[in-house]
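Shown next: entry-v1.cif, given as mmCIF, C-alpha atoms.
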data_protein
#
loop_
_atom_site.label_atom_id
_atom_site.label_comp_id
_atom_site.auth_asym_id
_atom_site.auth_seq_id
_atom_site.Cartn_x
_atom_site.Cartn_y
_atom_site.Cartn_z
CA MET A 3 23.74 -4.95 -1.65
CA LYS A 4 22.07 -8.35 -1.36
CA ALA A 5 18.31 -8.58 -1.40
CA ALA A 6 16.69 -10.18 1.64
CA MET A 7 14.15 -12.98 1.28
CA LYS A 8 10.54 -12.01 1.79
CA THR A 9 8.91 -13.41 4.91
CA GLU A 10 5.54 -15.16 4.77
CA GLY A 11 2.37 -13.13 5.04
CA ILE A 12 1.11 -9.97 3.39
CA HIS A 13 2.89 -6.65 3.83
CA SER A 14 1.27 -3.26 4.32
CA MET A 15 2.54 -0.37 2.22
CA THR A 16 2.54 1.92 5.27
CA GLY A 17 5.72 2.12 7.31
CA PHE A 18 8.48 4.24 8.80
CA ALA A 19 12.03 3.37 9.76
CA GLN A 20 15.23 5.10 10.73
CA ALA A 21 18.84 3.93 11.04
CA ARG A 22 22.06 5.66 12.05
CA VAL A 23 25.64 4.48 11.59
CA GLU A 24 28.62 6.33 13.06
CA ARG A 25 32.23 5.63 12.20
CA ASN A 26 35.59 7.48 11.98
CA GLY A 27 34.21 10.83 13.04
CA ALA A 28 31.30 10.74 10.59
CA ALA A 29 27.63 9.81 11.03
CA LEU A 30 25.09 8.73 8.41
CA ARG A 31 21.34 8.68 9.08
CA ILE A 32 18.68 7.34 6.72
CA ASN A 33 14.93 7.86 7.18
CA LEU A 34 12.42 5.76 5.23
CA ARG A 35 8.71 6.50 4.98
CA SER A 36 6.17 4.70 2.80
CA VAL A 37 2.45 4.96 2.05
CA ASN A 38 0.19 3.20 -0.43
CA HIS A 39 0.66 3.68 -4.17
CA ARG A 40 -0.29 1.65 -7.22
CA PHE A 41 3.35 1.17 -8.22
CA LEU A 42 6.76 1.75 -6.63
CA ASP A 43 7.15 5.52 -6.49
CA LEU A 44 10.60 6.26 -5.04
CA HIS A 45 11.70 9.75 -3.95
CA LEU A 46 15.30 10.24 -2.85
CA ARG A 47 16.83 13.22 -1.01
CA MET A 48 20.58 13.29 -0.35
CA PRO A 49 23.36 15.78 0.45
CA ASP A 50 25.24 17.39 -2.44
CA GLY A 51 27.82 15.07 -3.86
CA PHE A 52 25.96 11.86 -2.98
CA GLU A 53 24.61 11.48 -6.52
CA VAL A 54 27.28 8.86 -7.19
CA PHE A 55 25.42 6.54 -4.79
CA GLU A 56 21.91 7.16 -6.15
CA SER A 57 21.64 4.10 -8.40
CA ARG A 58 22.89 1.80 -5.62
CA ILE A 59 20.37 3.19 -3.15
CA ARG A 60 17.48 2.93 -5.61
CA GLN A 61 18.34 -0.68 -6.50
CA ALA A 62 18.60 -1.65 -2.82
CA VAL A 63 15.12 -0.25 -2.17
CA ARG A 64 13.65 -1.95 -5.27
CA ASP A 65 15.07 -5.28 -4.09
CA ARG A 66 13.09 -5.05 -0.85
CA ILE A 67 9.97 -3.01 -1.68
CA ARG A 68 7.67 -3.70 -4.64
CA ARG A 69 4.87 -1.15 -4.27
CA GLY A 70 4.23 2.10 -2.46
CA HIS A 71 5.26 5.74 -2.38
CA VAL A 72 8.63 5.62 -0.62
CA ASP A 73 10.60 8.64 0.64
CA VAL A 74 14.30 8.03 1.31
CA ASN A 75 16.09 10.84 3.16
CA VAL A 76 19.85 10.61 3.66
CA TYR A 77 21.61 12.84 6.22
CA TYR A 78 25.37 13.10 6.66
CA GLU A 79 27.28 14.90 9.40
CA THR A 80 30.62 14.90 11.13
CA THR A 81 30.77 13.90 14.79
CA GLY A 82 34.06 15.61 15.66
CA THR A 83 36.51 18.27 14.53
CA ALA A 84 38.88 15.74 12.97
CA GLY A 85 36.80 15.49 9.84
CA ILE A 86 36.32 19.24 9.38
CA GLU A 87 38.41 21.20 6.91
CA VAL A 88 38.25 24.99 6.65
CA ASN A 89 38.61 26.47 3.20
CA ARG A 90 40.80 29.39 4.21
CA GLU A 91 40.70 31.08 0.85
CA VAL A 92 36.90 31.19 0.86
CA ALA A 93 36.86 32.32 4.53
CA ALA A 94 39.41 35.07 3.74
CA ALA A 95 37.28 36.30 0.86
CA TYR A 96 34.24 36.54 3.16
CA MET A 97 36.26 38.38 5.83
CA LYS A 98 37.64 40.82 3.27
CA ALA A 99 34.12 41.59 2.07
CA VAL A 100 32.99 42.09 5.68
CA GLU A 101 35.84 44.52 6.42
CA GLN A 102 35.07 46.52 3.30
CA LEU A 103 31.40 46.80 4.29
CA ARG A 104 32.30 47.76 7.87
CA GLY A 105 34.53 50.58 6.59
CA GLU A 106 31.99 51.73 4.04
CA PHE A 107 29.05 51.88 6.44
CA GLY A 108 30.93 52.61 9.66
CA VAL A 109 29.89 49.38 11.39
CA LYS A 110 31.90 48.75 14.57
CA THR A 111 30.51 45.25 15.38
CA GLU A 112 33.11 42.50 15.14
CA PRO A 113 32.47 39.63 12.69
CA ASP A 114 30.76 36.52 14.11
CA LEU A 115 33.08 33.57 13.45
CA ILE A 116 30.36 31.02 14.18
CA ALA A 117 28.19 32.65 11.54
CA LEU A 118 31.16 32.63 9.19
CA PHE A 119 31.40 28.82 9.44
CA ARG A 120 27.78 28.55 8.27
CA LEU A 121 28.46 30.37 5.01
CA PRO A 122 28.63 28.20 1.86
CA GLY A 123 32.03 26.77 1.06
CA VAL A 124 33.78 27.74 4.32
CA VAL A 125 33.60 24.31 5.97
CA ALA A 126 34.08 21.15 3.93
CA ALA A 127 33.12 17.88 5.58
CA PRO A 128 34.14 14.42 4.37
CA GLY A 129 31.68 13.38 1.69
CA ALA A 130 31.45 16.84 0.17
CA ALA A 131 31.28 16.91 -3.62
CA SER A 132 34.97 17.65 -3.99
CA GLU A 133 35.97 14.91 -1.54
CA LEU A 134 33.86 12.28 -3.31
CA GLN A 135 36.03 12.44 -6.41
CA SER A 136 38.36 10.13 -4.54
CA GLU A 137 37.66 6.43 -5.13
CA GLU A 138 38.88 5.62 -1.63
CA VAL A 139 36.38 8.02 -0.06
CA GLN A 140 33.59 6.70 -2.27
CA GLU A 141 34.34 3.13 -1.26
CA LYS A 142 34.29 3.89 2.47
CA LEU A 143 31.19 6.06 2.32
CA GLY A 144 29.45 3.56 0.03
CA ALA A 145 29.99 0.81 2.61
CA LEU A 146 28.58 3.12 5.29
CA ILE A 147 25.50 3.82 3.17
CA GLU A 148 24.89 0.12 2.48
CA GLU A 149 25.11 -0.76 6.17
CA CYS A 150 22.79 2.04 7.23
CA LEU A 151 20.29 1.41 4.42
CA GLU A 152 20.21 -2.31 5.18
CA GLN A 153 19.28 -1.58 8.81
CA ALA A 154 16.59 0.91 7.79
CA LEU A 155 15.05 -1.42 5.18
CA THR A 156 14.97 -4.33 7.64
CA ARG A 157 13.16 -2.19 10.22
CA MET A 158 10.79 -0.91 7.55
CA GLU A 159 10.01 -4.46 6.46
CA THR A 160 9.32 -5.49 10.06
CA MET A 161 6.84 -2.64 10.48
CA ARG A 162 5.15 -3.28 7.13
CA ARG A 163 4.85 -6.99 7.98
CA THR A 164 3.31 -6.19 11.38
CA GLU A 165 0.82 -3.81 9.76
CA GLY A 166 0.10 -6.51 7.17
CA GLN A 167 -0.73 -9.03 9.89
CA SER A 168 -3.27 -6.63 11.36
CA LEU A 169 -4.83 -6.10 7.93
CA SER A 170 -4.94 -9.86 7.36
CA THR A 171 -6.77 -10.49 10.63
CA GLU A 172 -9.38 -7.85 9.83
CA MET A 173 -9.85 -9.09 6.27
CA GLN A 174 -10.22 -12.71 7.42
CA GLY A 175 -13.13 -11.59 9.57
CA ILE A 176 -14.80 -9.86 6.62
CA LEU A 177 -14.29 -12.92 4.41
CA GLY A 178 -15.90 -15.06 7.10
CA ARG A 179 -18.98 -12.84 7.02
CA ILE A 180 -19.22 -13.05 3.22
CA SER A 181 -18.96 -16.84 3.34
CA SER A 182 -21.60 -17.07 6.06
CA ARG A 183 -24.04 -14.80 4.21
CA THR A 184 -23.52 -16.72 0.98
CA LYS A 185 -24.52 -19.93 2.77
CA GLU A 186 -27.60 -18.19 4.18
CA ILE A 187 -28.66 -17.22 0.67
CA GLU A 188 -28.21 -20.81 -0.51
CA ALA A 189 -30.53 -21.97 2.27
CA LEU A 190 -33.15 -19.34 1.42
CA LEU A 191 -33.16 -20.33 -2.25
CA VAL A 192 -34.72 -23.68 -1.31
CA ALA A 193 -37.84 -21.80 -0.19
CA VAL A 194 -37.98 -19.53 -3.24
CA ARG A 195 -39.38 -22.04 -5.77
CA PRO A 196 -42.67 -22.61 -3.85
CA ALA A 197 -42.93 -18.84 -3.50
CA PHE A 198 -42.78 -18.54 -7.28
CA ALA A 199 -45.68 -20.93 -7.60
CA ARG A 200 -47.76 -19.02 -5.04
CA ARG A 201 -47.08 -15.68 -6.69
CA LEU A 202 -47.87 -17.05 -10.17
CA ALA A 203 -51.11 -18.62 -8.96
CA ASP A 204 -52.25 -15.38 -7.34
CA ARG A 205 -51.53 -13.36 -10.47
CA LEU A 206 -53.33 -15.81 -12.75
CA LYS A 207 -56.29 -15.96 -10.38
CA ASP A 208 -56.70 -12.21 -10.58
CA LEU A 209 -56.38 -12.21 -14.38
CA LEU A 210 -58.73 -15.11 -15.10
CA SER A 211 -61.36 -14.25 -12.50
CA GLY A 212 -61.87 -17.68 -11.01
CA VAL A 213 -61.17 -19.82 -14.10
CA GLN A 214 -59.64 -23.13 -13.09
CA ILE A 215 -55.93 -23.49 -13.88
CA ASP A 216 -53.96 -26.71 -14.26
CA PRO A 217 -51.60 -26.99 -11.24
CA ALA A 218 -49.00 -28.67 -13.49
CA ARG A 219 -49.01 -25.59 -15.73
CA ILE A 220 -48.47 -23.36 -12.72
CA ALA A 221 -45.56 -25.52 -11.60
CA GLN A 222 -44.03 -25.37 -15.10
CA GLU A 223 -44.24 -21.57 -15.28
CA ALA A 224 -42.82 -21.29 -11.78
CA ALA A 225 -39.89 -23.49 -12.80
CA VAL A 226 -39.16 -21.23 -15.79
CA LEU A 227 -39.15 -18.15 -13.56
CA ALA A 228 -36.94 -19.90 -11.04
CA GLU A 229 -34.44 -20.87 -13.74
CA ARG A 230 -34.22 -17.28 -14.96
CA SER A 231 -33.48 -16.21 -11.40
CA ASP A 232 -31.06 -19.03 -10.62
CA VAL A 233 -28.00 -17.65 -8.80
CA SER A 234 -26.31 -20.93 -7.91
CA GLU A 235 -23.36 -20.22 -10.22
CA GLU A 236 -22.84 -16.76 -8.74
CA LEU A 237 -22.89 -18.20 -5.22
CA ALA A 238 -20.43 -20.95 -6.18
CA ARG A 239 -18.05 -18.39 -7.66
CA LEU A 240 -18.33 -16.23 -4.54
CA HIS A 241 -17.31 -19.24 -2.44
CA SER A 242 -14.37 -19.84 -4.77
CA HIS A 243 -13.22 -16.21 -4.65
CA VAL A 244 -13.35 -16.21 -0.86
CA GLU A 245 -11.14 -19.32 -0.75
CA GLN A 246 -8.64 -17.77 -3.18
CA PHE A 247 -8.59 -14.57 -1.14
CA GLN A 248 -7.84 -16.51 2.03
CA LYS A 249 -4.96 -18.35 0.33
CA LEU A 250 -3.46 -15.07 -0.84
CA LEU A 251 -3.63 -13.68 2.69
CA GLY A 252 -1.40 -16.52 3.83
CA GLY A 253 1.09 -16.09 1.02
CA ALA A 254 3.95 -13.67 0.42
CA GLY A 255 5.18 -11.28 -2.23
CA GLU A 256 3.24 -8.81 -4.33
CA THR A 257 -0.38 -9.81 -3.68
CA GLY A 258 -2.08 -6.40 -3.80
CA LYS A 259 -2.75 -6.48 -7.56
CA LYS A 260 -4.20 -10.01 -7.27
CA PHE A 261 -6.56 -8.75 -4.56
CA ASP A 262 -7.69 -5.99 -6.92
CA PHE A 263 -8.66 -8.53 -9.57
CA LEU A 264 -10.46 -10.83 -7.12
CA LEU A 265 -12.43 -7.93 -5.64
CA GLN A 266 -13.63 -6.89 -9.11
CA GLU A 267 -14.86 -10.43 -9.72
CA MET A 268 -16.57 -10.60 -6.32
CA GLN A 269 -18.28 -7.28 -6.94
CA ARG A 270 -19.53 -8.54 -10.32
CA GLU A 271 -21.03 -11.67 -8.74
CA ALA A 272 -22.73 -9.63 -6.02
CA ASN A 273 -24.26 -7.26 -8.60
CA THR A 274 -25.55 -10.18 -10.68
CA LEU A 275 -26.94 -11.76 -7.53
CA LEU A 276 -28.92 -8.62 -6.79
CA SER A 277 -30.20 -8.27 -10.34
CA LYS A 278 -31.52 -11.87 -10.32
CA THR A 279 -32.96 -11.84 -6.82
CA PRO A 280 -36.71 -12.41 -7.03
CA GLY A 281 -38.85 -9.98 -5.09
CA VAL A 282 -41.15 -12.66 -3.77
CA GLU A 283 -42.40 -12.70 -0.21
CA SER A 284 -40.03 -12.70 2.74
CA GLU A 285 -37.43 -15.00 1.15
CA GLY A 286 -36.69 -12.60 -1.71
CA LEU A 287 -36.37 -9.65 0.65
CA ALA A 288 -34.03 -11.62 2.89
CA ILE A 289 -31.83 -12.57 -0.08
CA THR A 290 -31.69 -8.94 -1.21
CA THR A 291 -30.68 -7.83 2.26
CA LEU A 292 -27.92 -10.43 2.45
CA ALA A 293 -26.66 -9.56 -1.05
CA LEU A 294 -26.45 -5.87 -0.09
CA GLU A 295 -24.49 -6.81 3.04
CA ILE A 296 -22.09 -8.85 0.89
CA LYS A 297 -21.56 -5.83 -1.39
CA SER A 298 -20.83 -3.71 1.67
CA ASP A 299 -18.29 -6.26 2.93
CA ILE A 300 -16.60 -6.35 -0.47
CA GLU A 301 -16.17 -2.57 -0.32
CA LYS A 302 -14.62 -2.90 3.13
CA LEU A 303 -12.19 -5.48 1.72
CA ARG A 304 -11.35 -3.08 -1.10
CA GLU A 305 -10.50 -0.32 1.38
CA GLN A 306 -8.12 -2.61 3.24
CA ALA A 307 -6.59 -4.07 0.07
CA LEU A 308 -5.57 -0.59 -1.11
CA ASN A 309 -2.80 -0.65 1.49
CA ILE A 310 -1.42 -4.11 0.68
CA GLU A 311 1.87 -4.41 -1.22
#

Take the structure from the file and write it as structure tokens.
Amino acid sequence: MKAAMKTEGIHSMTGFAQARVERNGAALRINLRSVNHRFLDLHLRMPDGFEVFESRIRQAVRDRIRRGHVDVNVYYETTGTAGIEVNREVAAAYMKAVEQLRGEFGVKTEPDLIALFRLPGVVAAPGAASELQSEEVQEKLGALIEECLEQALTRMETMRRTEGQSLSTEMQGILGRISSRTKEIEALLVAVRPAFARRLADRLKDLLSGVQIDPARIAQEAAVLAERSDVSEELARLHSHVEQFQKLLGGAGETGKKFDFLLQEMQREANTLLSKTPGVESEGLAITTLALEIKSDIEKLREQALNIE
């Protein structure tokens, strides 16, 4: 089975799809369901005898889906009497056992033929384990499986892409808020240096009890404090991470793990920003508030990124 090319844009790991193909008195139905998972976790359920197709089905899914917990359920049934074969020997053995029990216990009720057909081994449909020993049967049923699975995977991909577009829109909004708040912090930092000088002067005035202090010395000490609390690098890296995040949202393929790395880096910058934020006057409080809001937005991004392939 040929792998389809990935379409542009991120894909969600949540999706459901179903496909049904009917041909020559037989019907095949495949259900696909996926949720988020760190890796590709594939679970396959098939009728007895379909084990010969397992590797083909698994490879087809791996070609289209990179991450997520994926359940693949395969159902096979006949659509007419032409494909049904009755194992008369097995049916006769059941009937003989029924007659013996009727005589032994004095049961007068006649056997239920419909119930008899439900007993194991009485009815053999095409695709049963014994039938699949034939290469001809395997070839025909394999083609049916490929066709049905291709339809189901295409529908699954469409749903996962649609969900991914919704996630992308929401995450773009969050990234916009982080960028805006980062710029607000940059503007507030301009007012922080004079605040350092005012705070230092007040503290020295209290300590020296009116002794005159050289204004140049105050400015120098304020500059040292400001340098220790400089967060320009952290803000520049936050801007860079936001831009990288936005580029990934417009890309394709397996981007979820890249988002994980970027979010760790963004969280580190936000934590450093908070640890360096000076608690001076209104500017420092405003910066702290904005930094906390950025941390909150990063957590919201993390929640959304958990569901990206």

Report task. With a distance cut-off of 9 Å and only C-alpha atoms, select the neighbouring residues of region 29-42 of chain A, excluding the residue or stretch itself and same-chain residues fewer than 5 positions from it, and output the selection as a VMD selection string. Result -> chain A and resid 14 to 24 64 67 to 81 146 to 147 150 to 151 154 to 155 158 258 to 259 308 to 311

**Report entry** Hits of the PyMOL selection byres ((chain A and resi 244) around 9) in this structure, as a list of chain:residue names
**Finding:**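 Those residues are A:Leu177, A:Gly178, A:Ile180, A:Ser181, A:Arg239, A:Leu240, A:His241, A:Ser242, A:His243, A:Glu245, A:Gln246, A:Phe247, A:Gln248, A:Lys249, A:Leu264, A:Met268.
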
Could you write out as AutoDock Vina command-line options the box around region 42-56 of chain A (axis-aligned, all atoms listed in the file, 5 Å on each side), with centre and edge lengths in Å to one decimal?
--center_x 17.3 --center_y 9.6 --center_z -3.4 --size_x 31.1 --size_y 25.6 --size_z 17.6

Report task. Excluding Gln306 (chain A) and residues on its chain fewer than 3 positions from it, collect all residues at most 9 Å away from it, counting only C-alpha atoms, and give them as a ChimeraX atom specification. Result -> /A:169-170,172-173,301-303,309-310

Requested in this report: Figure out the distance between CA of Thr160 (chain A) and CA of Ile12 (chain A), please, to one decimal in Å.
Outcome: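 CA of Ile12 (chain A) sits 11.5 Å away from CA of Thr160 (chain A).
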
Requested in this report: Enter the distance from CA of His13 (chain A) to CA of Arg157 (chain A), in Å, rounded to one decimal.
Outcome: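 Going from CA of His13 (chain A) over to CA of Arg157 (chain A), I get 12.9 Å.
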
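Between CA of Leu276 (chain A) and CA of Lys260 (chain A) lies a distance of 24.8 Å.
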
Query raised in the report: Which is closest to Glu137 (chain A) among A:Leu250, A:Ala293, A:Val54, A:Val92, if we use all atoms listed in the file?
Result: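 Nearest candidate to Glu137 (chain A) out of A:Leu250, A:Ala293, A:Val54, A:Val92: A:Val54.
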
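Counting only C-alpha atoms, the residue from A:Gln174, A:Thr111, A:Asn26, A:Thr291 that sits nearest to Ala272 (chain A) is A:Thr291.
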